[in-house]
Every structure is written in structure tokens, then in C-alpha cells.
Amino acid sequence: MGYADYLNGFEKLVTGYVPERSSWGPPEHALYGPPDPYRVPTEEANDLCFKAIKFQFDRHFHNNRMYHDFCLESNVCPEDITSFQDLCKVPLIPNEFFKDCPSGKDFALWLANVYTGELPQIQIKGANPTTDEVIKAFNDAGMAVFFSSGTGGRHTFMPRDMRSFQMNEYAMAKGVVAMFYPHWNQNMHGYLLLPNPFKTNLFAGRLGTIFVDIMKEVEMAIDREIDTELIKLSMSDGKGLKGRMVNYISKKRHQKIINDIISWIEKNQREGNEMAFVGAPFLLYATIKKLKKEGRSFDIGERGAVLTGGGWKIQEHQRIPESEFRNDVESVLGIRPEHCLDLYGMVEGNVWLTQCPEGHYLHIPNCYVHPMVLDDSYQSLGYGKVGRFAFLDGSMYSYPGFIITNDRVSMLERCPVCGRPGPVLEPGVTRVPGKESRGCAEEVRKMISVDMKR
Ligand SMILES: [Zn+2]
């Protein structure tokens with residue numbers, strides 16, 4: 001099948017995520033337009049990217065009081081951004097900013113301050129609403145406010161509007177489908193190594209929504225409701241009576257999920273179905289370890305795909321080596337390394353990097369994202385140096401998506417292995433030392449510890 005027909009099969013399933021073409025502005029042209037976000041010729045990508053970011057910068061400057069003042073303090077206004085080369089002047093927001101927010105009713109006020117434009121009217125019942133109740137009220141009114149957590153117990157809240165969230169979902173899925181070409185198809189049965197996307201406002205969970213649309217049948221590893229309180233409990237240090245209880249239940253839950261995954265593989269193998277594993281790598285890693293110990297293996301072969309994301313920690317100070325993981329996936333499940341790709345993204349943006357099958361480098365969708373690597377004083381380092389990842393997200397409507405992350409990366413101008421034209425990150429993204437560990441896989445890992453009501 002040619003790429004155009006292949007992509008058409010995908011587009012038919014995701015029409016709900018794409019606005020009417022006649023209504024597209026620069027951000028939509030940059031994000032929805034290119035058939036493959038990782039194969040846009042450099043000049044065209046720079047042009048699309050500049051127009052999208054310029055459009056969003058003007059909006060946030062004029063419609064977001066907080067960012068407006070911040071730009072004035074930094075001495076930058078829209079007239080200063082006239083070409084692609086000027087993008088490095090756009091004032092960046094450290095991601096810590098989205099953690100420093102109050103709880104309850106003040107949380108609603110905080111949201112109104114960081115949001116660009118008008119928030120929908122919401123009804124909050126009671127004098128002392130919880131943060132989860134406030135989030136629910138906004139999302140009932142059509143927003144897509146999701147959270148992510150850190151080990152320090154502080155959550156990150158990102159106030160997306162539904163339009164920005166749909167762009168996020170579409171961009172993630174299209175990037176993945178493009179990289180798996182010609183391997184993805186809609187008859188795949190999926191196992192989400194994630195919480196049920198319809199029962200949580202946790203970003204790592206909600207992301208799964210679109211996979212339900214582009215696969216035939218989807219099983220979820222964690223099927224209970226998950227709110228900020230549960231996450232706070234699961235991210236606690238594991239000490240004391242509560243911690244010991246959590247650890248004890250964790251082991252039992254963990255075993256049950258792994259047994260579920262093995263039964264799911266057996267069933268689909270019997271029925272000859274195509275299989276896709278999507279989500280936190282440690283669950284699949286644990287499954288493979290168990291199969292290995294029992295001397296069992298499967299030959300899923302061409303009928304299987306693995307998409308991991310969210311980080312590679314399995315214990316507090318232990319990471320899964322990615323290449324070893326791919327070797328195990330091949331020897332135990334029979335799925336080839338080129339069908340085992342990792343995805344890198346974060347709650348703060350609609351920025352999705354997918355590994356190429358040829359070299360497992362993380363490709364950047366530079367048609368709507370302008371990536372940077374910064375030193376400790378936030379100056380750009382250019383290519384080939386290790387530093388802090390930052391980006392300008394030309395697709396984000398609801399807040400200024402011009403973010404400095406806590407991730408340590410090395411960026412190359414081209415992939416050393418495949419022929420795609422855009423820049424890449426080397427595999428093995430880690431956290432900036434001293435910054436709290438976070439990552440969606442880490443959340444899922446800890447969440448299983450407190451999944452005790454099921
Ligand atoms: Zn590549």
C-alpha cells in the first residue's frame with residue numbers, strides 16, 4: 001500500500017479531531033497539513049513553523065495578561081519576531097510555573113490567570129471544592145484540563161481547551177502511524193499499558209483516547225478512576241504503615257496485571273489477531289521477565305507492534321536499558337526491533353517525538369515545533385551538546401506553549417541513520433540532576449501500588 005492510501009485509512013478514523021479545512025489558520029496548516037510530520041523538507045517546515053508560532057505569540061501577547069507583562073519585562077513584543085531567525089527571542093516559561101498553583105477555589109482563579117482568552121463559565125458547588133472537583137467543573141464546561149505529578153507531591157496542571165487537546169491527540173497518533181508505516185492498521189487489537197482514558201484527568205491516561213479510535217479493540221491495564229488524591233498517595237515515599245500497605249498491595253496488583261497481559265497475548269495469538277502494546281514499558285518488561293523465567297516465548301512476528309512512552313525507570317534508581325528491552329521483546333515475543341518504538345512528549349505541550357525504526361533516534365515534528373537545547377543560564381547551545389530541552393509549540397492556543405523543560409537531551413541537526421530531513425534527539429532522555437523525577441511511566445508504576453479498591 002502506498003503512503004497516501006495508508007494515511008487515508010488513518011484520517012478516516014480521526015475526522016473528529018480535525019476542524020473543517022476552510023477554518024484552518026497557520027497552527028492547523030502546520031499540524032494537520034503535512035502528510036508525514038517527520039518528512040517535511042526543511043525550508044517548508046521552517047516556514048510552516050514560523051507562521052504558526054508567530055500567530056500564537058501574537059495571540060498570547062495580546063490576550064494573556066500574565067504573559068504580556070512577562071514579555072514587556074523581557075523587552076520583547078510581536079514586532080520583534082519577523083523571521084524564523086527571531087524565534088530564539090520568544091520569552092520562555094520554565095515548566096515549574098505550572099506547578100506553583102493553589103488548591104480549591106483559588107485554583108480556578110489561577111487557571112483564569114494562565115489561560116489565554118476567556119474561560120468558560122463554570123458552576124462550582126460548595127464552599128470548599130477539591131482540586132478534582134474544580135477540574136471536573138472546567139472539563140464539564142468543555143475544557144481539557146489535565147494533570148501530571150511529581151515525586152514531591154506537586155502536580156502540574158495544564159489548562160488546555162478542547163481544540164488544543166484534539167491537536168495534541170491527532171499529532172501524537174499521526175506521528176506514530178507515520179513512523180510505523182506500513183505496519184499500523186485499524187484491525188489491530190490494542191493493550192493500553194495505561195489507565196482507562198475515560199476515567200481520569202491524568203494526562204498519561206487521557207492520551208489513550210485516540211488509540212481507542214484507531215484500533216479495533218482496546219484492553220486497559222488499569223480500569224479504575226484516578227484522581228489527584230490517589231496519585232498523591234501513590235507518589236508518597238512508601239514509608240510508615242500506609243506505605244507498607246501500599247507496597248504489599250502493589251505486588252499483588254502488579255502480578256494480576258502481568259497475568260492479564262499474558263492471557264491477552266494467548267487469546268489474540270489463538271485468534272490470529274494483530275497486536276499493539278501501547279504505554280509504560282515497565283509493565284511489558286515485567287511480563288517478558290516472567291515469560292523468560294517460565295521458559296516460554298511467543299512468535300507474534302509481523303502481527304505485533306510495541307509503542308512505549310513515559311520513561312524507562314523500573315525502580316527508584318534503575319532504568320531499563322532500551323536496546324536490551326528491544327532484544328527481549330524480539331526473543332520472547334517475536335516482535336522485531338523496528339516494530340518497537342519509543343515516544344517522547346510531555347504534559348506541557350503538544351510536542352510528540354517518535355523514534356525512527358531505522359535508528360531509534362527521536363524525530364522532532366519541526367513543522368509546528370521549534371526545538372532548542374539550553375545551558376544552565378538558558379542560552380541556546382545549538383546542536384550536538386547536552387543541555388536542557390526547550391520548545392516553542394505553534395499549536396497551543398490555551399496558554400503560551402513556549403516552555404523550558406527539566407529534561408536533559410542532546411539534539412542533532414539530522415538523524416545519523418535514516419534519511420528524514422528534520423532534527424532529532426539522541427535516545428535516552430534523562431532528567432536534569434536535582435529535579436524531581438517525573439514521567440508518565442513512573443506515574444503508572446506508582447499508581448498500581450494504590451490500585452486497591454478494584
Ligand atoms: Zn532516524
# chains A, B, ... in the order shown; residues from 1 in each chain; ligands from 1
>>> residues_around(residues="Thr405 of chain A", least_positions_apart="3", cutoff="8 Å", atoms="only C-alpha atoms", output="list in words")
Pro94, Asn95, Arg388, Phe389 and Ala390 of chain A
>>> closest_atom_pairs(of="segment 245-351 of chain A", to="segment 365-375 of chain A", cutoff="12 Å", atoms="only C-alpha atoms", output="Markdown table")
| residue | atom | partner | partner_atom | distance |
| --- | --- | --- | --- | --- |
| A:Tyr344 | CA | A:Pro365 | CA | 11.5 |
| A:Gly345 | CA | A:Pro365 | CA | 11.3 |
| A:Gly349 | CA | A:Val369 | CA | 9.6 |
| A:Asn350 | CA | A:Val369 | CA | 8.7 |
| A:Val351 | CA | A:Val369 | CA | 6.8 |
>>> write_last_selection(atoms="C-alpha atoms", output="mmCIF file, in the first residue's frame")
data_model
loop_
_atom_site.group_PDB
_atom_site.id
_atom_site.type_symbol
_atom_site.label_atom_id
_atom_site.label_comp_id
_atom_site.auth_asym_id
_atom_site.auth_seq_id
_atom_site.Cartn_x
_atom_site.Cartn_y
_atom_site.Cartn_z
ATOM 1 C CA TYR A 344 8.673 11.224 23.862
ATOM 2 C CA GLY A 345 6.310 14.011 24.853
ATOM 3 C CA GLY A 349 2.955 20.751 25.154
ATOM 4 C CA ASN A 350 1.557 19.099 22.039
ATOM 5 C CA VAL A 351 5.087 18.116 21.135
#
>>> residues_near_ligand(ligand="ligand 1", cutoff="9 Å", atoms="only C-alpha atoms and all ligand atoms", output="ChimeraX atom specification")
/A:355-363,414-422,424
>>> residues_around(residues="segment 80-92 of chain A", least_positions_apart="2", cutoff="6 Å", atoms="only C-alpha atoms", output="count of residues only")
5
>>> residues_around(residues="Gly428 of chain A", least_positions_apart="5", cutoff="12 Å", atoms="only C-alpha atoms", output="list in words")
Gly309, Gly310, Gly311, Trp312, Lys313, Arg319, Ile320, Pro321, Glu322, Ser323, Asp342, Leu343, Tyr344, Gln355, His360, Tyr361, Leu362, Val386, Asp407, Arg408, Val409, Ser410 and Met411 of chain A
>>> write_last_selection(atoms="N, CA and C atoms", output="mmCIF file, in the first residue's frame")
data_model
loop_
_atom_site.group_PDB
_atom_site.id
_atom_site.type_symbol
_atom_site.label_atom_id
_atom_site.label_comp_id
_atom_site.auth_asym_id
_atom_site.auth_seq_id
_atom_site.Cartn_x
_atom_site.Cartn_y
_atom_site.Cartn_z
ATOM 1 N N GLY A 309 6.358 4.672 26.032
ATOM 2 C CA GLY A 309 6.483 6.097 26.300
ATOM 3 C C GLY A 309 6.423 6.343 27.783
ATOM 4 N N GLY A 310 6.890 7.509 28.202
ATOM 5 C CA GLY A 310 6.740 7.898 29.595
ATOM 6 C C GLY A 310 7.951 7.651 30.467
ATOM 7 N N GLY A 311 8.998 7.095 29.921
ATOM 8 C CA GLY A 311 10.207 6.943 30.727
ATOM 9 C C GLY A 311 10.543 5.492 30.999
ATOM 10 N N TRP A 312 11.795 5.271 31.369
ATOM 11 C CA TRP A 312 12.336 3.913 31.425
ATOM 12 C C TRP A 312 12.724 3.477 32.828
ATOM 13 N N LYS A 313 12.211 4.173 33.851
ATOM 14 C CA LYS A 313 12.556 3.755 35.211
ATOM 15 C C LYS A 313 11.739 2.534 35.610
ATOM 16 N N ARG A 319 17.051 2.003 35.613
ATOM 17 C CA ARG A 319 16.424 2.215 34.315
ATOM 18 C C ARG A 319 16.491 0.942 33.491
ATOM 19 N N ILE A 320 15.495 0.740 32.645
ATOM 20 C CA ILE A 320 15.558 -0.379 31.706
ATOM 21 C C ILE A 320 16.434 0.073 30.540
ATOM 22 N N PRO A 321 17.485 -0.674 30.206
ATOM 23 C CA PRO A 321 18.249 -0.288 29.009
ATOM 24 C C PRO A 321 17.382 -0.545 27.766
ATOM 25 N N GLU A 322 17.199 0.507 26.952
ATOM 26 C CA GLU A 322 16.256 0.410 25.847
ATOM 27 C C GLU A 322 16.599 -0.691 24.842
ATOM 28 N N SER A 323 17.896 -0.819 24.517
ATOM 29 C CA SER A 323 18.238 -1.799 23.480
ATOM 30 C C SER A 323 18.052 -3.213 24.020
ATOM 31 N N ASP A 342 9.814 4.069 20.653
ATOM 32 C CA ASP A 342 9.519 4.864 21.845
ATOM 33 C C ASP A 342 9.030 6.252 21.426
ATOM 34 N N LEU A 343 8.166 6.797 22.266
ATOM 35 C CA LEU A 343 7.561 8.096 22.006
ATOM 36 C C LEU A 343 7.958 9.023 23.158
ATOM 37 N N TYR A 344 8.290 10.282 22.809
ATOM 38 C CA TYR A 344 8.673 11.224 23.862
ATOM 39 C C TYR A 344 7.798 12.468 23.746
ATOM 40 N N GLN A 355 10.442 7.691 17.696
ATOM 41 C CA GLN A 355 11.681 7.086 17.201
ATOM 42 C C GLN A 355 11.493 6.578 15.777
ATOM 43 N N HIS A 360 16.221 4.336 15.832
ATOM 44 C CA HIS A 360 15.671 4.645 17.157
ATOM 45 C C HIS A 360 16.111 6.015 17.689
ATOM 46 N N TYR A 361 16.364 6.966 16.785
ATOM 47 C CA TYR A 361 16.534 8.364 17.191
ATOM 48 C C TYR A 361 15.150 8.997 17.273
ATOM 49 N N LEU A 362 15.007 9.992 18.171
ATOM 50 C CA LEU A 362 13.697 10.636 18.370
ATOM 51 C C LEU A 362 13.547 11.814 17.407
ATOM 52 N N VAL A 386 24.934 18.564 25.168
ATOM 53 C CA VAL A 386 23.938 18.116 26.134
ATOM 54 C C VAL A 386 23.432 19.305 26.932
ATOM 55 N N ASP A 407 14.177 18.259 31.140
ATOM 56 C CA ASP A 407 14.752 17.070 30.522
ATOM 57 C C ASP A 407 16.115 17.380 29.911
ATOM 58 N N ARG A 408 17.042 16.473 30.138
ATOM 59 C CA ARG A 408 18.401 16.596 29.594
ATOM 60 C C ARG A 408 18.485 15.835 28.285
ATOM 61 N N VAL A 409 18.867 16.545 27.231
ATOM 62 C CA VAL A 409 18.876 15.925 25.903
ATOM 63 C C VAL A 409 20.110 16.358 25.122
ATOM 64 N N SER A 410 20.334 15.673 24.016
ATOM 65 C CA SER A 410 21.320 16.122 23.028
ATOM 66 C C SER A 410 20.607 16.105 21.677
ATOM 67 N N MET A 411 20.666 17.248 20.962
ATOM 68 C CA MET A 411 19.940 17.368 19.696
ATOM 69 C C MET A 411 20.922 17.364 18.530
#
>>> closest_atom_pairs(of="segment 321-428 of chain A", to="segment 117-125 of chain A", cutoff="12 Å", atoms="only C-alpha atoms", output="Markdown table")
| residue | atom | partner | partner_atom | distance |
| --- | --- | --- | --- | --- |
| A:Tyr397 | CA | A:Gly117 | CA | 9.0 |
| A:Ser398 | CA | A:Gly117 | CA | 7.4 |
| A:Tyr399 | CA | A:Gly117 | CA | 8.8 |
| A:Pro400 | CA | A:Gly117 | CA | 11.2 |
>>> residues_around(residues="segment 201-204 of chain A", least_positions_apart="2", cutoff="7 Å", atoms="only C-alpha atoms", output="PyMOL selection string")
chain A and resi 146-148+206-207+227+347+440
>>> atom_distance(atom1="atom CA of Pro102 of chain A", atom2="atom CA of Ala137 of chain A")
16.4 Å
>>> select_by_dssp(residues="segment 29-254 of chain A", states="helix (DSSP H, G or I)", output="ChimeraX atom specification")
/A:29-32,42-63,65-73,78-80,84-89,95-98,104-114,131-140,162-179,197-199,203-206,209-214,228-234,240-254
>>> write_last_selection(atoms="C-alpha atoms", output="tab-separated table (two decimals), in the first residue's frame")
chain	number	residue	atom	x	y	z
A	29	HIS	CA	-1.85	24.15	8.47
A	30	ALA	CA	1.38	23.36	10.32
A	31	LEU	CA	-0.02	20.50	12.42
A	32	TYR	CA	-2.72	18.88	10.24
A	42	THR	CA	13.48	21.81	5.90
A	43	GLU	CA	12.58	25.08	4.20
A	44	GLU	CA	8.88	24.23	4.11
A	45	ALA	CA	8.96	23.05	7.73
A	46	ASN	CA	10.64	26.29	8.87
A	47	ASP	CA	8.05	28.35	7.02
A	48	LEU	CA	5.06	26.46	8.47
A	49	CYS	CA	6.62	26.51	11.93
A	50	PHE	CA	7.43	30.22	11.89
A	51	LYS	CA	3.91	31.19	10.78
A	52	ALA	CA	2.27	29.02	13.45
A	53	ILE	CA	4.48	30.29	16.29
A	54	LYS	CA	4.22	33.91	15.17
A	55	PHE	CA	0.42	33.55	15.11
A	56	GLN	CA	0.35	32.06	18.63
A	57	PHE	CA	2.91	34.51	20.03
A	58	ASP	CA	0.78	37.47	18.90
A	59	ARG	CA	-2.35	35.91	20.44
A	60	HIS	CA	-0.72	35.13	23.79
A	61	PHE	CA	0.93	38.55	23.91
A	62	HIS	CA	-2.37	40.35	23.41
A	63	ASN	CA	-4.75	38.01	25.28
A	65	ARG	CA	-2.11	39.35	30.89
A	66	MET	CA	0.50	37.28	32.69
A	67	TYR	CA	2.48	36.57	29.51
A	68	HIS	CA	2.05	40.12	28.23
A	69	ASP	CA	3.73	41.51	31.36
A	70	PHE	CA	6.41	38.85	31.19
A	71	CYS	CA	7.22	39.82	27.57
A	72	LEU	CA	7.38	43.51	28.47
A	73	GLU	CA	9.77	42.68	31.29
A	78	PRO	CA	5.37	40.94	18.43
A	79	GLU	CA	7.16	43.47	16.18
A	80	ASP	CA	10.47	41.85	17.19
A	84	PHE	CA	12.46	32.28	11.57
A	85	GLN	CA	15.78	33.53	13.00
A	86	ASP	CA	13.87	35.71	15.51
A	87	LEU	CA	12.15	32.71	17.13
A	88	CYS	CA	15.00	32.40	19.63
A	89	LYS	CA	13.83	35.75	21.13
A	95	ASN	CA	7.74	24.34	33.43
A	96	GLU	CA	7.92	24.86	37.22
A	97	PHE	CA	5.48	27.68	36.67
A	98	PHE	CA	2.64	25.22	36.09
A	104	GLY	CA	-9.60	24.53	45.71
A	105	LYS	CA	-11.38	27.72	44.67
A	106	ASP	CA	-8.11	29.65	44.26
A	107	PHE	CA	-7.16	27.05	41.71
A	108	ALA	CA	-9.97	28.34	39.47
A	109	LEU	CA	-8.56	31.86	39.77
A	110	TRP	CA	-5.08	30.61	39.00
A	111	LEU	CA	-6.37	28.88	35.87
A	112	ALA	CA	-8.05	32.07	34.72
A	113	ASN	CA	-4.71	33.87	35.02
A	114	VAL	CA	-2.61	31.46	33.00
A	131	THR	CA	-9.00	20.40	43.09
A	132	ASP	CA	-10.55	17.38	41.35
A	133	GLU	CA	-14.00	18.97	41.62
A	134	VAL	CA	-12.70	22.21	40.09
A	135	ILE	CA	-11.03	20.33	37.22
A	136	LYS	CA	-14.23	18.38	36.64
A	137	ALA	CA	-16.27	21.59	36.53
A	138	PHE	CA	-13.99	23.06	33.85
A	139	ASN	CA	-13.96	19.85	31.82
A	140	ASP	CA	-17.77	19.56	32.05
A	162	MET	CA	-10.60	21.14	23.67
A	163	ARG	CA	-9.20	22.43	20.36
A	164	SER	CA	-5.61	22.28	21.66
A	165	PHE	CA	-6.19	18.82	23.15
A	166	GLN	CA	-7.54	17.46	19.90
A	167	MET	CA	-4.47	18.80	18.11
A	168	ASN	CA	-2.36	17.04	20.74
A	169	GLU	CA	-4.08	13.69	20.25
A	170	TYR	CA	-4.01	13.91	16.47
A	171	ALA	CA	-0.33	14.92	16.36
A	172	MET	CA	0.68	12.06	18.62
A	173	ALA	CA	-1.25	9.41	16.69
A	174	LYS	CA	-0.25	10.66	13.25
A	175	GLY	CA	3.44	10.74	14.17
A	176	VAL	CA	3.22	7.17	15.41
A	177	VAL	CA	1.27	5.94	12.40
A	178	ALA	CA	3.79	7.64	10.07
A	179	MET	CA	6.77	6.02	11.79
A	197	PRO	CA	-8.57	7.23	29.46
A	198	PHE	CA	-12.26	7.69	30.14
A	199	LYS	CA	-11.90	7.50	33.90
A	203	PHE	CA	-2.63	13.31	31.27
A	204	ALA	CA	-0.90	9.93	30.88
A	205	GLY	CA	-4.32	8.31	30.90
A	206	ARG	CA	-6.26	10.74	28.74
A	209	THR	CA	-8.33	8.28	23.98
A	210	ILE	CA	-7.26	8.35	20.34
A	211	PHE	CA	-5.82	4.83	20.41
A	212	VAL	CA	-9.34	3.61	21.08
A	213	ASP	CA	-10.36	5.31	17.80
A	214	ILE	CA	-7.57	3.93	15.62
A	228	THR	CA	-5.20	13.80	42.17
A	229	GLU	CA	-5.66	12.37	45.69
A	230	LEU	CA	-4.94	8.83	44.57
A	231	ILE	CA	-1.85	9.99	42.71
A	232	LYS	CA	-0.64	11.91	45.74
A	233	LEU	CA	-0.95	8.73	47.77
A	234	SER	CA	0.81	6.63	45.15
A	240	GLY	CA	5.12	4.09	57.51
A	241	LEU	CA	2.07	1.87	57.83
A	242	LYS	CA	0.34	3.33	54.80
A	243	GLY	CA	3.48	2.94	52.71
A	244	ARG	CA	3.94	-0.69	53.75
A	245	MET	CA	0.32	-1.42	52.91
A	246	VAL	CA	0.74	0.19	49.54
A	247	ASN	CA	3.86	-1.89	48.86
A	248	TYR	CA	2.08	-5.11	49.82
A	249	ILE	CA	-0.94	-4.44	47.63
A	250	SER	CA	1.31	-3.20	44.85
A	251	LYS	CA	2.90	-6.62	44.46
A	252	LYS	CA	-0.46	-8.38	44.16
A	253	ARG	CA	-1.88	-5.84	41.69
A	254	HIS	CA	1.25	-5.99	39.64
>>> select_by_dssp(residues="segment 280-367 of chain A", states="strand (DSSP E)", output="mmCIF file with C-alpha atoms, in the first residue's frame")
data_model
loop_
_atom_site.group_PDB
_atom_site.id
_atom_site.type_symbol
_atom_site.label_atom_id
_atom_site.label_comp_id
_atom_site.auth_asym_id
_atom_site.auth_seq_id
_atom_site.Cartn_x
_atom_site.Cartn_y
_atom_site.Cartn_z
ATOM 1 C CA GLY A 304 2.856 -7.221 16.522
ATOM 2 C CA ALA A 305 3.924 -3.686 17.396
ATOM 3 C CA VAL A 306 5.189 -2.062 20.591
ATOM 4 C CA LEU A 307 4.898 1.656 21.306
ATOM 5 C CA THR A 308 6.431 2.716 24.604
ATOM 6 C CA GLY A 309 6.483 6.097 26.300
ATOM 7 C CA LYS A 313 12.556 3.755 35.211
ATOM 8 C CA ILE A 314 11.612 0.475 36.850
ATOM 9 C CA GLN A 315 12.823 1.220 40.351
ATOM 10 C CA GLN A 318 17.083 1.687 37.989
ATOM 11 C CA ARG A 319 16.424 2.215 34.315
ATOM 12 C CA CYS A 340 9.322 -1.483 18.833
ATOM 13 C CA LEU A 341 9.445 2.324 19.041
ATOM 14 C CA ASP A 342 9.519 4.864 21.845
ATOM 15 C CA LEU A 343 7.561 8.096 22.006
ATOM 16 C CA TYR A 344 8.673 11.224 23.862
ATOM 17 C CA LEU A 353 8.801 12.919 19.109
ATOM 18 C CA THR A 354 8.721 9.376 17.736
ATOM 19 C CA GLN A 355 11.681 7.086 17.201
ATOM 20 C CA LEU A 362 13.697 10.636 18.370
ATOM 21 C CA HIS A 363 12.476 12.716 15.435
#
>>> atom_distance(atom1="atom CA of Leu194 of chain A", atom2="atom CA of Asn259 of chain A")
15.6 Å
>>> atom_distance(atom1="atom CA of Phe325 of chain A", atom2="atom CA of Ala276 of chain A")
16.0 Å
>>> closest_residue(among="A:Ser103, A:Arg160, A:Gly401, A:Glu338", to="Pro182 of chain A", atoms="only C-alpha atoms")
A:Glu338
